[in-house]
Amino acid sequence: MYTILVTGGAGYIGSHTVKRLLDAGYNVVVADDLSTGHQSAVDSRAAFYELDVCNNQAFGDVLEKEQVEAVLHCAGKIVVSESVENPLKYFDHNVSGLNEVLKVVVEKGIKKFMFSSTASIYGNNCFNIKAVETTPVAPTNPYASSKLMGEQMIHWVSERYDMNYVIFRYFNVAGAELDSSNGLRTKNPTHLVPSINLTLLGKRPVFEIFGNNYQTEDGTCIRDYIHVCDLARAHQLGMDYLFDNGQSTIFNLGSEKGYSVKEVADTASQITGIPLIYKISERREGDPDFVLANAGKAREKLNWEPEYTLEEIIKSDFDWRKQS
Ligand SMILES: NC(=O)c1ccc[n+]([C@@H]2O[C@H](COP(=O)([O-])OP(=O)(O)OC[C@H]3O[C@@H](n4cnc5c(N)ncnc54)[C@H](O)[C@@H]3O)[C@@H](O)[C@H]2O)c1
């Protein structure tokens with residue numbers, strides 16, 4: 001079976017994907033510096049290397065030793081507000097860091113590359129439409145810009161060195177394994193579903209809704225939520241596609257269903273039977289009113305269909321937080 005190296009495989013999305021790739025029969029190697037990841041999240045069937053993937057020598061040695069045939073690059077910095085505060089850090093990790101990874105991937109002759117990108121590169125351009133992969137991009141913060149630059153770098157490197165790639169633009173990823181064996185381990189998450197659940201569990205005093213004057217029915221932002229296990233399955237299908245000699249391309253990964261912040265909060269209260277203490281705060285800079293996916297291309301070319309509902313996303317994260 002083929003061997004895949006997952007950078008950032010001890011992180012939230014990486015670790016769920018590692019499990020799915022292993023279940024599908026791939027050999028999996030994880031390279032992670034544990035800056036935000038957790039070794040305990042890594043499936044014991046995977047080989048684990050604690051290293052900074054920007055260390056060319058160490059990264060190259062692992063690719064060679066493990067005879068890696070494809071790389072999934074999940075490693076990166078992901079907090080939008082931090083990127084606004086410290087843009088150079090984001091360009092350092094997500095742009096220069098990716099450049100170092102690509103140098104070694106090219107040097108070692110690896111021809112298959114997969115990349116974690118984000119729907120935030122569409123910025124405000126998907127107002128009241130479902131974004132398709134050709135919707136014009138318009139990043140509104142350094143994090144999104146760094147991811148767009150990453151996409152462009154991969155495109156040009158692949159043109160020159162005959163490398164095939166799949167880029168996934170994730171919409172809002174949430175949820176945990178249904179048996180609570182894994183979930184989002186970030187200490188102080190800013191993501192919506194964990195923030196709501198932490199408040200319901202009494203681990204935070206109040207849930208903040210950032211702005212209720214957006215151009216939506218109830219005034220709160222509308223987003224597209226996708227379960228992390230559905231996302232993991234898409235990566236496995238994407239790897240199958242690359243190993244079947246699929247052409248380089250970009251896929252949106254979203255559920256195609258939009259929920260407002262208030263709807264998510266109300267659903268969480270209903271499912272758990274716990275009233276949610278919330279307050280309305282100021283809008284955050286750069287938050288678009290409406291972000292929704294058209295994932296038709298992934299459905300058609302990868303035969304991928306999201307399985308989990310918003311209720312299952314919320315409930316699995318709640319159960320995971322309750323026991324951890
Ligand atoms: N979580 C989301 O909702 C979301 C949405 C869109 C895109 N993404 C992208 O998905 C990817 C994974 O996100 P996540 O939510 O799993 O984040 P995460 O912080 O849980 O995972 C990132 C992992 O990368 C590791 N890492 C960072 N820099 C490294 C380096 N130089 N060398 C080795 N390891 C390094 C961290 O230790 C961590 O394990 C990121 O690239 C992110 O931009 C995430």
# chains A, B, ... in the order shown; residues from 1 in each chain; ligands from 1
$ select_by_dssp --residues "region 59-135 of chain A" --states "helix (DSSP H, G or I)" --output "number ranges by chain"
A: 59-65, 80-85, 87-107, 119-126
$ residues_near_ligand --ligand "ligand 1" --cutoff "7 Å" --atoms "only C-alpha atoms and all ligand atoms" --output "number ranges by chain"
A: 7-14, 31-38, 51-54, 74-78, 93, 97, 116-119, 169-174, 186
$ closest_residue --among "A:Asn245, A:Ser120, A:Gln215, A:Asn141" --to "Glu85 (chain A)" --atoms "only C-alpha atoms"
A:Asn141
$ residues_around --residues "region 197-213 of chain A" --least-positions-apart "4" --cutoff "12 Å" --atoms "only C-alpha atoms" --output "MDAnalysis selection string"
chainID A and resid 174:175 187:193 217:222 260:289 313:324
$ closest_residue --among "A:Tyr165, A:Ser158, A:Asn27, A:Asp224" --to "Glu66 (chain A)" --atoms "only C-alpha atoms"
A:Asn27
$ atom_distance --atom1 "CA of Leu184 (chain A)" --atom2 "CA of Leu310 (chain A)"
16.3 Å
$ atom_distance --atom1 "CA of Leu72 (chain A)" --atom2 "CA of Val29 (chain A)"
10.2 Å
$ residues_around --residues "Leu5 (chain A)" --least-positions-apart "3" --cutoff "7 Å" --atoms "only C-alpha atoms" --output "list in words"
Val28, Val29, Val30, Val68, Ala70, Val71 and Leu72 of chain A
$ write_last_selection --atoms "C-alpha atoms" --output "mmCIF file, in the first residue's frame"
data_model
loop_
_atom_site.group_PDB
_atom_site.id
_atom_site.type_symbol
_atom_site.label_atom_id
_atom_site.label_comp_id
_atom_site.auth_asym_id
_atom_site.auth_seq_id
_atom_site.Cartn_x
_atom_site.Cartn_y
_atom_site.Cartn_z
ATOM 1 C CA VAL A 28 0.746 6.771 7.403
ATOM 2 C CA VAL A 29 3.668 8.768 8.773
ATOM 3 C CA VAL A 30 3.107 11.863 10.916
ATOM 4 C CA VAL A 68 6.887 8.477 1.310
ATOM 5 C CA ALA A 70 2.438 11.526 -1.079
ATOM 6 C CA VAL A 71 2.389 14.436 1.356
ATOM 7 C CA LEU A 72 -0.685 15.944 3.007
#
$ closest_residue --among "A:Lys103, A:Pro139, A:Glu305, A:Glu50" --to "Gly123 (chain A)" --atoms "only C-alpha atoms"
A:Pro139
$ select_by_dssp --residues "region 185-285 of chain A" --states "strand (DSSP E or B)" --output "PyMOL selection string"
chain A and resi 207-210+222-227+249-253+258-260+278-281
$ write_last_selection --atoms "C-alpha atoms" --output "compact mmCIF listing (two decimals), in the first residue's frame"
# COMPACT_ATOMS: atom_id res chain seq x y z
CA PHE A 207 -21.13 32.80 25.02
CA GLU A 208 -20.42 35.91 22.95
CA ILE A 209 -22.24 36.53 19.68
CA PHE A 210 -20.06 38.92 17.71
CA ILE A 222 -24.35 32.49 8.40
CA ARG A 223 -21.77 29.72 8.00
CA ASP A 224 -21.50 26.22 6.55
CA TYR A 225 -20.54 23.57 9.15
CA ILE A 226 -18.81 20.35 8.15
CA HIS A 227 -18.08 17.41 10.45
CA THR A 249 -7.46 20.53 -8.83
CA ILE A 250 -9.21 22.42 -6.02
CA PHE A 251 -12.29 21.23 -4.12
CA ASN A 252 -14.62 23.04 -1.73
CA LEU A 253 -15.53 20.94 1.31
CA GLY A 258 -26.12 27.50 6.05
CA TYR A 259 -26.87 28.14 9.72
CA SER A 260 -26.74 31.45 11.55
CA TYR A 278 -25.12 34.57 25.85
CA LYS A 279 -24.46 38.23 25.16
CA ILE A 280 -24.18 40.30 22.01
CA SER A 281 -20.74 41.86 21.51
$ closest_residue --among "A:Asn56, A:Thr3, A:Ser146, A:Thr17" --to "Ala234 (chain A)" --atoms "only C-alpha atoms"
A:Thr17
$ atom_distance --atom1 "CA of Asp244 (chain A)" --atom2 "CA of Asp43 (chain A)"
25.7 Å
$ residues_around --residues "Asn294 (chain A)" --least-positions-apart "4" --cutoff "10 Å" --atoms "only C-alpha atoms" --output "VMD selection string"
chain A and resid 129 to 133 251 to 257 298 to 299
$ residues_around --residues "region 19-26 of chain A" --least-positions-apart "4" --cutoff "10 Å" --atoms "only C-alpha atoms" --output "ChimeraX atom specification"
/A:1-4,9,14-15,41-46,229-237,239-240
$ write_last_selection --atoms "C-alpha atoms" --output "JSON list (two decimals), in the first residue's frame"
[["chain", "number", "residue", "atom", "x", "y", "z"],
["A", 1, "MET", "CA", 0.00, 0.00, 0.00],
["A", 2, "TYR", "CA", 1.06, 3.60, -0.56],
["A", 3, "THR", "CA", 2.78, 5.64, 2.15],
["A", 4, "ILE", "CA", 1.48, 9.11, 2.98],
["A", 9, "GLY", "CA", -0.93, 15.02, 11.82],
["A", 14, "GLY", "CA", -4.66, 15.98, 10.71],
["A", 15, "SER", "CA", -5.27, 13.42, 13.46],
["A", 41, "ALA", "CA", -4.24, 12.32, 19.24],
["A", 42, "VAL", "CA", -2.13, 10.34, 16.76],
["A", 43, "ASP", "CA", -3.36, 6.84, 15.98],
["A", 44, "SER", "CA", -0.81, 4.32, 17.27],
["A", 45, "ARG", "CA", -0.70, 2.57, 13.88],
["A", 46, "ALA", "CA", 1.03, 5.65, 12.37],
["A", 229, "CYS", "CA", -14.99, 12.96, 10.07],
["A", 230, "ASP", "CA", -16.68, 13.90, 6.77],
["A", 231, "LEU", "CA", -13.66, 16.06, 6.06],
["A", 232, "ALA", "CA", -11.29, 13.21, 6.91],
["A", 233, "ARG", "CA", -13.14, 10.93, 4.48],
["A", 234, "ALA", "CA", -12.78, 13.53, 1.72],
["A", 235, "HIS", "CA", -9.00, 13.46, 2.23],
["A", 236, "GLN", "CA", -8.95, 9.71, 1.84],
["A", 237, "LEU", "CA", -11.01, 9.96, -1.37],
["A", 239, "MET", "CA", -5.68, 10.49, -1.98],
["A", 240, "ASP", "CA", -7.41, 7.69, -3.90]]
$ closest_residue --among "A:Asn125, A:Val137, A:Ser181, A:Leu98" --to "Gly150 (chain A)" --atoms "only C-alpha atoms"
A:Leu98
